[in-house]
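A quick write-up on the structure given underneath.
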Protein chains: 2
Amino acid sequence: MLNNRPGQSIPEETRQRVLEAARNLNYRPHASARALAAGRSDIVLLSIPDIPIGAGISRFIEGLAGALAAHKLTLVTHLAGAHGRPLPDVCAAVGASAVVGFESFDPATIKELHRAGAEVVLPSHAEHSYAMHPIGQIQAKHLIERGHQRLGYALTAHPGLASMARDRLGGVIEACAEAGLPAPLALATSLDADVAADAVARWSAEGVTAICAFNDETATAILAGMRAHGLTSPQDLAVIGVDDIPTARLADPPLTTIIFDMDQVVTRRAEAVLAGLAKTTDQSDQAWIDPQIVVRSST
Amino acid sequence: MLNNRPGQSIPEETRQRVLEAARNLNYRPHASARALAAGRSDIVLLSIPDIPIGAGISRFIEGLAGALAAHKLTLVTHLAGAHGRPLPDVCAAVGASAVVGFESFDPATIKELHRAGAEVVLPSHAEHSYAMHPIGQIQAKHLIERGHQRLGYALTAHPGLASMARDRLGGVIEACAEAGLPAPLALATSLDADVAADAVARWSAEGVTAICAFNDETATAILAGMRAHGLTSPQDLAVIGVDDIPTARLADPPLTTIIFDMDQVVTRRAEAVLAGLAKTTDQSDQAWIDPQIVVRSST
DNA sequence: GTGAAAGCGCTAACAT
DNA sequence: ATGTTAGCGCTTTCAC
């Protein structure tokens, strides 16, 4: 009866009474016991790589937690820092039946995760992670449409972000090629005004008139580097960032940036988890739908 | 033997061989079963309130995860967003034996958490959360030492941060009182240059010469508001933030800010968890040690 | 000191 | 359709 199966011979009213009594007694099904007996838990583990966490990622996490909660799944997050436990250990410890990450896991990790009890691991092998490539394309197109012929790309110094930067740069390269323009001049930068000033000098010397920055912080650094040379944006050098961080519109001049619709990504990921959990077999990769990416222009 | 108790009659070499064999077979003790039998898990659940997550909090999480991992405990994080599951549910679902949060939980939640299986819940009742008060004090002292006689305080518009802002403002008020100065003029601001400009006008009209901002983003907004009036910092109005966000030193002028030593906070929290788990009874609150808080001045 | 056995709190598969 | 029972994979306790 406590199984609460419907269509009982027991009168409905009585059933409700029992259920209410149980609630009043603060009864909780013991999750560990349940997981042990059923062989699966309702835990989904989200692994965050070692990257700076901003508003975007928080929204992603909370959105995913909400979408999964609607299906009685519980999301917990693990920050894959240097000193924490390895992901498979965490997976085993919480008894997660699904693990989702941002970028694709390497095959060895995937195998370990499955051994640790995860039925579904996402993103599966070849799936694009975060729509990095399209972001670069849109940045470049925005600048090209405004007449810029020679673009620069500002890479990030953060190691954990390097592969994302490469993906985004790829999009910029593609957009330049499609427009018949020379490839962008990609330069390493850091969150330091002097380093950024050097890059600015280099770009100026090469005739670059517009920069796609990896993100808004990088873009802010470039603005600072330009100030050191007495240059102003966008006249001397146009800059476009990514993320729309809170300080983006407070910059001088306000930053043009890329806004990223998390909800779509969230929904898609949640559905993938649900689908994977529904039928562990037949994990046909669904088609990746590019999320809505939009430019917020300050000009 | 698999219990791995020391001091066996079995030769050491054999023991190691067996252990290694187990490792090679990718054996993992099933966490749910272990938790069920032992009545406690090695999971610690960290609850993050609905506040913007930045580098500081990430460092806190990773540091705590590392400190606990050293004691064979696994940290997982839960973002208490609007649509996720309530904390006690998550606690029960992962079978956490400890729950740690940033601010004190209310008594009802604490009771529920214990019922959900948590042996220790931190911070316990009266404990200070995050050294908010001292931060405000140090901000104010820094400005007062530089000769400012009339301070302003810039509150944040973010609802989740309001109580922190009050605590920090309390520190500023105290520092002003101690120095025999009038109470600071606290004004609501938001991350919008126009709103900040209004606040700046008001402060100027009241003879305020220096602002303690709730955090670096608020401070950046004030700088933007000052630009709208053609004012420059620190001559016309000195501003000090909190957090040392990456863009702080990229601002024009570079922001003076408060740097917060996370390691100390982390260590203290980890120790509290360990102590609580060691003897569930006798939860005498340890003395709160103010963490090291230091000013990074741009001048 | 070593092995066997009895549960932990549930779920699922079974008889009735 | 209902009640009963056998485990899930461990830990702990109790005999040997």
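The chains in the structure tokens are called A, B, ... from first to last as shown; in each chain the residues are counted from 1, and the ligands are counted from 1 in the order shown.
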Report as a Markdown table the residues of chain D within 9 Å of chain C, each with its shortest atom pair and distance in Å (one decimal), using only C-alpha atoms (C1' of nucleotides), ordered by chain and increasing residue number.
| residue | atom | partner | partner_atom | distance |
| --- | --- | --- | --- | --- |
| D:DT2 | C1' | C:DT16 | C1' | 8.4 |
| D:DG3 | C1' | C:DT16 | C1' | 7.8 |
| D:DT4 | C1' | C:DA15 | C1' | 7.6 |
| D:DT5 | C1' | C:DC14 | C1' | 7.6 |
| D:DA6 | C1' | C:DA13 | C1' | 8.6 |
| D:DC8 | C1' | C:DT11 | C1' | 8.9 |
| D:DT11 | C1' | C:DC8 | C1' | 8.8 |
| D:DT13 | C1' | C:DA6 | C1' | 8.2 |
| D:DC14 | C1' | C:DA5 | C1' | 8.3 |
| D:DA15 | C1' | C:DA4 | C1' | 8.2 |
| D:DC16 | C1' | C:DG3 | C1' | 7.9 |
File dump, residues just selected, N, CA, C and O atoms (P, O5', C5', C4', C3', O3' and C1' of nucleotides), as a PDB file, in the first residue's frame:
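The resulting file, selection.pdb, is reproduced below:
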ATOM      1  P    DT D   2      -6.362  -4.478  -3.616  1.00  0.00           P
ATOM      2  O5'  DT D   2      -5.317  -5.139  -2.639  1.00  0.00           O
ATOM      3  C5'  DT D   2      -5.779  -6.054  -1.661  1.00  0.00           C
ATOM      4  C4'  DT D   2      -4.713  -7.089  -1.411  1.00  0.00           C
ATOM      5  C3'  DT D   2      -3.532  -6.616  -0.561  1.00  0.00           C
ATOM      6  O3'  DT D   2      -3.832  -6.861   0.804  1.00  0.00           O
ATOM      7  C1'  DT D   2      -2.960  -8.262  -2.218  1.00  0.00           C
ATOM      8  P    DG D   3      -2.941  -6.346   1.926  1.00  0.00           P
ATOM      9  O5'  DG D   3      -2.005  -7.619   2.160  1.00  0.00           O
ATOM     10  C5'  DG D   3      -2.607  -8.902   2.374  1.00  0.00           C
ATOM     11  C4'  DG D   3      -1.532  -9.977   2.297  1.00  0.00           C
ATOM     12  C3'  DG D   3      -0.325  -9.710   3.198  1.00  0.00           C
ATOM     13  O3'  DG D   3       0.019 -10.928   3.849  1.00  0.00           O
ATOM     14  C1'  DG D   3       0.406 -10.055   0.968  1.00  0.00           C
ATOM     15  P    DT D   4       1.118 -10.924   5.002  1.00  0.00           P
ATOM     16  O5'  DT D   4       2.331 -11.636   4.262  1.00  0.00           O
ATOM     17  C5'  DT D   4       2.115 -12.925   3.641  1.00  0.00           C
ATOM     18  C4'  DT D   4       3.314 -13.297   2.811  1.00  0.00           C
ATOM     19  C3'  DT D   4       4.655 -13.177   3.560  1.00  0.00           C
ATOM     20  O3'  DT D   4       5.226 -14.469   3.641  1.00  0.00           O
ATOM     21  C1'  DT D   4       4.789 -12.229   1.369  1.00  0.00           C
ATOM     22  P    DT D   5       6.558 -14.709   4.459  1.00  0.00           P
ATOM     23  O5'  DT D   5       7.621 -14.513   3.275  1.00  0.00           O
ATOM     24  C5'  DT D   5       7.554 -15.378   2.136  1.00  0.00           C
ATOM     25  C4'  DT D   5       8.699 -15.063   1.190  1.00  0.00           C
ATOM     26  C3'  DT D   5      10.057 -14.935   1.887  1.00  0.00           C
ATOM     27  O3'  DT D   5      11.026 -15.550   1.079  1.00  0.00           O
ATOM     28  C1'  DT D   5       9.650 -12.993   0.640  1.00  0.00           C
ATOM     29  P    DA D   6      12.320 -16.158   1.722  1.00  0.00           P
ATOM     30  O5'  DA D   6      13.370 -15.967   0.535  1.00  0.00           O
ATOM     31  C5'  DA D   6      12.948 -16.099  -0.834  1.00  0.00           C
ATOM     32  C4'  DA D   6      13.661 -15.063  -1.702  1.00  0.00           C
ATOM     33  C3'  DA D   6      15.149 -14.909  -1.391  1.00  0.00           C
ATOM     34  O3'  DA D   6      15.843 -14.768  -2.610  1.00  0.00           O
ATOM     35  C1'  DA D   6      14.103 -12.805  -1.227  1.00  0.00           C
ATOM     36  P    DC D   8      21.534 -10.459  -4.345  1.00  0.00           P
ATOM     37  O5'  DC D   8      21.689  -8.889  -4.507  1.00  0.00           O
ATOM     38  C5'  DC D   8      21.108  -8.165  -5.593  1.00  0.00           C
ATOM     39  C4'  DC D   8      21.134  -6.690  -5.263  1.00  0.00           C
ATOM     40  C3'  DC D   8      22.457  -6.242  -4.636  1.00  0.00           C
ATOM     41  O3'  DC D   8      23.252  -5.631  -5.650  1.00  0.00           O
ATOM     42  C1'  DC D   8      20.531  -5.376  -3.408  1.00  0.00           C
ATOM     43  P    DT D  11      31.878  -1.823   3.982  1.00  0.00           P
ATOM     44  O5'  DT D  11      31.108  -1.977   5.373  1.00  0.00           O
ATOM     45  C5'  DT D  11      30.257  -0.934   5.821  1.00  0.00           C
ATOM     46  C4'  DT D  11      29.554  -1.376   7.094  1.00  0.00           C
ATOM     47  C3'  DT D  11      30.495  -1.648   8.261  1.00  0.00           C
ATOM     48  O3'  DT D  11      29.914  -1.029   9.399  1.00  0.00           O
ATOM     49  C1'  DT D  11      29.115  -3.543   7.871  1.00  0.00           C
ATOM     50  P    DT D  13      29.100  -3.884  16.196  1.00  0.00           P
ATOM     51  O5'  DT D  13      28.241  -5.068  16.836  1.00  0.00           O
ATOM     52  C5'  DT D  13      27.010  -5.498  16.219  1.00  0.00           C
ATOM     53  C4'  DT D  13      26.924  -7.010  16.221  1.00  0.00           C
ATOM     54  C3'  DT D  13      27.592  -7.661  17.442  1.00  0.00           C
ATOM     55  O3'  DT D  13      26.680  -8.562  18.041  1.00  0.00           O
ATOM     56  C1'  DT D  13      28.327  -8.704  15.456  1.00  0.00           C
ATOM     57  P    DC D  14      26.952  -9.057  19.571  1.00  0.00           P
ATOM     58  O5'  DC D  14      26.716 -10.621  19.426  1.00  0.00           O
ATOM     59  C5'  DC D  14      25.975 -11.170  18.321  1.00  0.00           C
ATOM     60  C4'  DC D  14      26.653 -12.434  17.820  1.00  0.00           C
ATOM     61  C3'  DC D  14      27.326 -13.254  18.929  1.00  0.00           C
ATOM     62  O3'  DC D  14      26.709 -14.517  19.024  1.00  0.00           O
ATOM     63  C1'  DC D  14      28.742 -13.043  17.011  1.00  0.00           C
ATOM     64  P    DA D  15      26.917 -15.340  20.365  1.00  0.00           P
ATOM     65  O5'  DA D  15      26.907 -16.771  19.665  1.00  0.00           O
ATOM     66  C5'  DA D  15      28.095 -17.437  19.611  1.00  0.00           C
ATOM     67  C4'  DA D  15      28.371 -18.101  18.262  1.00  0.00           C
ATOM     68  C3'  DA D  15      29.284 -19.303  18.487  1.00  0.00           C
ATOM     69  O3'  DA D  15      28.915 -20.381  17.639  1.00  0.00           O
ATOM     70  C1'  DA D  15      30.413 -17.624  17.201  1.00  0.00           C
ATOM     71  P    DC D  16      29.399 -21.815  18.153  1.00  0.00           P
ATOM     72  O5'  DC D  16      30.932 -21.912  17.749  1.00  0.00           O
ATOM     73  C5'  DC D  16      31.297 -22.520  16.498  1.00  0.00           C
ATOM     74  C4'  DC D  16      32.645 -22.010  16.028  1.00  0.00           C
ATOM     75  C3'  DC D  16      33.833 -22.783  16.599  1.00  0.00           C
ATOM     76  O3'  DC D  16      34.256 -23.754  15.616  1.00  0.00           O
ATOM     77  C1'  DC D  16      34.257 -20.441  16.375  1.00  0.00           C
TER      78       DC D  16
END
Counting only C-alpha atoms (C1' of nucleotides), which residues from chain A have an atom at most 12 Å from any atom of chain C, and could you show them as a compact mmCIF listing (two decimals) with C-alpha atoms, in the first residue's frame?
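Saved to iface_2.txt:
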# COMPACT_ATOMS: atom_id res chain seq x y z
CA LEU A 2 2.83 2.32 0.77
CA ASN A 3 3.92 1.72 -2.77
CA ARG A 28 11.27 9.82 4.11
CA PRO A 29 12.13 6.85 1.97
CA HIS A 30 15.76 6.18 2.68
CA ALA A 31 17.56 7.07 -0.52
CA SER A 32 20.50 4.75 -0.06
CA ALA A 33 18.29 1.77 0.60
CA ARG A 34 16.12 2.66 -2.32
CA ALA A 35 19.09 3.00 -4.61
CA LEU A 36 20.54 -0.25 -3.41
CA ALA A 37 17.35 -2.19 -3.95
CA ALA A 38 16.29 -0.57 -7.17
CA GLY A 39 19.75 -0.50 -8.61
CA ARG A 40 19.44 3.10 -9.66
Compile the residues of chain B that lie within 6 Å of chain A, evaluated using only C-alpha atoms, and express the compilation as number ranges by chain. B: 31-33, 36, 53-54, 62, 65-66, 69, 76-78, 81, 83-84, 93-94, 221, 224, 250
Those same residues, written as a PDB file, in the first residue's frame with N, CA, C and O atoms?
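out-v1.pdb was written with the following content:
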ATOM      1  N   ALA B  31      28.719   2.507  -2.886  1.00  0.00           N
ATOM      2  CA  ALA B  31      28.508   3.540  -1.867  1.00  0.00           C
ATOM      3  C   ALA B  31      27.147   3.428  -1.187  1.00  0.00           C
ATOM      4  O   ALA B  31      27.038   3.604   0.025  1.00  0.00           O
ATOM      5  N   SER B  32      26.106   3.154  -1.957  1.00  0.00           N
ATOM      6  CA  SER B  32      24.773   3.084  -1.359  1.00  0.00           C
ATOM      7  C   SER B  32      24.697   1.949  -0.345  1.00  0.00           C
ATOM      8  O   SER B  32      24.149   2.117   0.758  1.00  0.00           O
ATOM      9  N   ALA B  33      25.250   0.840  -0.725  1.00  0.00           N
ATOM     10  CA  ALA B  33      25.214  -0.312   0.170  1.00  0.00           C
ATOM     11  C   ALA B  33      25.988  -0.008   1.438  1.00  0.00           C
ATOM     12  O   ALA B  33      25.543  -0.283   2.553  1.00  0.00           O
ATOM     13  N   LEU B  36      24.074   2.342   3.545  1.00  0.00           N
ATOM     14  CA  LEU B  36      22.932   1.673   4.171  1.00  0.00           C
ATOM     15  C   LEU B  36      23.376   0.864   5.374  1.00  0.00           C
ATOM     16  O   LEU B  36      22.794   0.944   6.460  1.00  0.00           O
ATOM     17  N   ILE B  53      27.649  33.910  -8.427  1.00  0.00           N
ATOM     18  CA  ILE B  53      28.842  33.135  -8.086  1.00  0.00           C
ATOM     19  C   ILE B  53      30.024  33.682  -8.846  1.00  0.00           C
ATOM     20  O   ILE B  53      29.978  33.801 -10.059  1.00  0.00           O
ATOM     21  N   GLY B  54      31.049  34.008  -8.140  1.00  0.00           N
ATOM     22  CA  GLY B  54      32.245  34.530  -8.781  1.00  0.00           C
ATOM     23  C   GLY B  54      33.454  33.712  -8.404  1.00  0.00           C
ATOM     24  O   GLY B  54      33.336  32.614  -7.857  1.00  0.00           O
ATOM     25  N   GLU B  62      36.156  24.852  -4.163  1.00  0.00           N
ATOM     26  CA  GLU B  62      37.241  23.944  -4.501  1.00  0.00           C
ATOM     27  C   GLU B  62      38.161  23.695  -3.318  1.00  0.00           C
ATOM     28  O   GLU B  62      38.629  22.575  -3.096  1.00  0.00           O
ATOM     29  N   ALA B  65      36.367  21.340  -1.005  1.00  0.00           N
ATOM     30  CA  ALA B  65      36.366  19.996  -1.578  1.00  0.00           C
ATOM     31  C   ALA B  65      37.721  19.332  -1.351  1.00  0.00           C
ATOM     32  O   ALA B  65      37.799  18.158  -0.972  1.00  0.00           O
ATOM     33  N   GLY B  66      38.780  20.107  -1.547  1.00  0.00           N
ATOM     34  CA  GLY B  66      40.123  19.565  -1.353  1.00  0.00           C
ATOM     35  C   GLY B  66      40.378  19.202   0.096  1.00  0.00           C
ATOM     36  O   GLY B  66      40.858  18.106   0.402  1.00  0.00           O
ATOM     37  N   ALA B  69      38.395  16.182   0.918  1.00  0.00           N
ATOM     38  CA  ALA B  69      38.879  14.998   0.193  1.00  0.00           C
ATOM     39  C   ALA B  69      40.067  14.388   0.929  1.00  0.00           C
ATOM     40  O   ALA B  69      40.238  13.163   0.949  1.00  0.00           O
ATOM     41  N   VAL B  76      29.765  17.636  -2.504  1.00  0.00           N
ATOM     42  CA  VAL B  76      28.952  17.991  -3.666  1.00  0.00           C
ATOM     43  C   VAL B  76      28.198  19.263  -3.339  1.00  0.00           C
ATOM     44  O   VAL B  76      27.924  19.566  -2.184  1.00  0.00           O
ATOM     45  N   THR B  77      27.882  19.983  -4.396  1.00  0.00           N
ATOM     46  CA  THR B  77      27.333  21.317  -4.214  1.00  0.00           C
ATOM     47  C   THR B  77      25.915  21.374  -4.738  1.00  0.00           C
ATOM     48  O   THR B  77      25.582  20.730  -5.726  1.00  0.00           O
ATOM     49  N   HIS B  78      25.109  22.137  -4.062  1.00  0.00           N
ATOM     50  CA  HIS B  78      23.732  22.331  -4.511  1.00  0.00           C
ATOM     51  C   HIS B  78      23.444  23.813  -4.579  1.00  0.00           C
ATOM     52  O   HIS B  78      23.615  24.530  -3.593  1.00  0.00           O
ATOM     53  N   GLY B  81      18.689  27.476  -6.151  1.00  0.00           N
ATOM     54  CA  GLY B  81      17.919  28.354  -7.026  1.00  0.00           C
ATOM     55  C   GLY B  81      16.434  28.179  -6.793  1.00  0.00           C
ATOM     56  O   GLY B  81      15.998  27.355  -5.974  1.00  0.00           O
ATOM     57  N   HIS B  83      14.040  27.013  -8.707  1.00  0.00           N
ATOM     58  CA  HIS B  83      13.286  25.888  -9.247  1.00  0.00           C
ATOM     59  C   HIS B  83      13.858  24.508  -8.927  1.00  0.00           C
ATOM     60  O   HIS B  83      13.272  23.502  -9.279  1.00  0.00           O
ATOM     61  N   GLY B  84      14.987  24.491  -8.276  1.00  0.00           N
ATOM     62  CA  GLY B  84      15.565  23.204  -7.920  1.00  0.00           C
ATOM     63  C   GLY B  84      14.793  22.581  -6.768  1.00  0.00           C
ATOM     64  O   GLY B  84      13.769  23.091  -6.332  1.00  0.00           O
ATOM     65  N   ALA B  93      18.486  12.747  -0.681  1.00  0.00           N
ATOM     66  CA  ALA B  93      18.744  12.029  -1.933  1.00  0.00           C
ATOM     67  C   ALA B  93      20.192  11.578  -2.052  1.00  0.00           C
ATOM     68  O   ALA B  93      20.473  10.483  -2.528  1.00  0.00           O
ATOM     69  N   VAL B  94      21.103  12.430  -1.636  1.00  0.00           N
ATOM     70  CA  VAL B  94      22.508  12.037  -1.739  1.00  0.00           C
ATOM     71  C   VAL B  94      22.983  11.327  -0.478  1.00  0.00           C
ATOM     72  O   VAL B  94      24.103  10.829  -0.425  1.00  0.00           O
ATOM     73  N   ALA B 221      30.121  50.349 -11.172  1.00  0.00           N
ATOM     74  CA  ALA B 221      28.955  51.146 -11.554  1.00  0.00           C
ATOM     75  C   ALA B 221      29.119  52.585 -11.077  1.00  0.00           C
ATOM     76  O   ALA B 221      28.789  53.535 -11.792  1.00  0.00           O
ATOM     77  N   ALA B 224      31.326  54.417 -13.304  1.00  0.00           N
ATOM     78  CA  ALA B 224      30.611  54.779 -14.531  1.00  0.00           C
ATOM     79  C   ALA B 224      29.690  55.971 -14.278  1.00  0.00           C
ATOM     80  O   ALA B 224      29.587  56.882 -15.104  1.00  0.00           O
ATOM     81  N   LEU B 250      41.462  46.560 -14.108  1.00  0.00           N
ATOM     82  CA  LEU B 250      41.346  47.043 -15.479  1.00  0.00           C
ATOM     83  C   LEU B 250      40.464  48.282 -15.568  1.00  0.00           C
ATOM     84  O   LEU B 250      40.318  48.888 -16.626  1.00  0.00           O
TER      85      LEU B 250
END
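Of note, atom CA of Gln264 of chain A and atom CA of Ala131 of chain A are spaced 11.3 Å apart.
Among the candidates A:Tyr153, A:Val172, A:Ala177, A:Ala165, the one nearest to Ala196 of chain A when counting only C-alpha atoms is A:Tyr153.
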Provide as a compact mmCIF listing (two decimals) with N, CA and C atoms (P, O5', C5', C4', C3', O3' and C1' of nucleotides), in the first residue's frame the residues of chain D at most 9 Å from chain A, counting only C-alpha atoms (C1' of nucleotides).
# COMPACT_ATOMS: atom_id res chain seq x y z
P DA D 1 -6.64 -5.62 -10.65
O5' DA D 1 -6.70 -6.19 -9.17
C5' DA D 1 -7.49 -5.57 -8.16
C4' DA D 1 -7.14 -6.25 -6.86
C3' DA D 1 -6.17 -5.44 -6.00
O3' DA D 1 -6.57 -5.62 -4.65
C1' DA D 1 -5.21 -7.55 -6.42
P DG D 7 17.34 -15.13 -2.69
O5' DG D 7 17.95 -14.22 -1.50
C5' DG D 7 19.10 -13.41 -1.74
C4' DG D 7 18.74 -12.21 -2.62
C3' DG D 7 19.82 -11.12 -2.58
O3' DG D 7 20.09 -10.72 -3.91
C1' DG D 7 17.71 -10.23 -1.90
P DC D 8 21.53 -10.46 -4.35
O5' DC D 8 21.69 -8.89 -4.51
C5' DC D 8 21.11 -8.17 -5.59
C4' DC D 8 21.13 -6.69 -5.26
C3' DC D 8 22.46 -6.24 -4.64
O3' DC D 8 23.25 -5.63 -5.65
C1' DC D 8 20.53 -5.38 -3.41
P DG D 9 24.64 -6.28 -5.98
O5' DG D 9 25.61 -5.75 -4.83
C5' DG D 9 25.87 -4.36 -4.74
C4' DG D 9 26.47 -4.05 -3.38
C3' DG D 9 27.77 -4.80 -3.07
O3' DG D 9 28.63 -3.88 -2.47
C1' DG D 9 26.26 -5.10 -1.33
Run DSSP on the backbone and tell me which residues of segment 1-226 of chain A come out as alpha helix (DSSP H); list them as a PyMOL selection string. chain A and resi 12-24+31-38+55-69+87-94+107-115+132-145+162-178+193-205+216-226
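Separating atom CA of Pro159 of chain B from atom CA of Gly136 of chain B is a distance of 18.7 Å.
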Just the strand (DSSP E or B) stuff from segment 14-75 of chain B, please, per backbone DSSP, written as an NGL selection string. :B and (43-48 or 74-75)
Just want the 12 Å neighbourhood of segment 180-187 of chain B, counted on only C-alpha atoms (C1' of nucleotides), with same-chain residues fewer than 3 positions away dropped. Output as a PyMOL selection string. chain B and resi 136-137+140-141+143-144+147-157+165-166+168-177+190+195-214+218+222
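Put simply, atom CA of Met132 of chain B is 28.4 Å away from atom CA of Thr232 of chain B.
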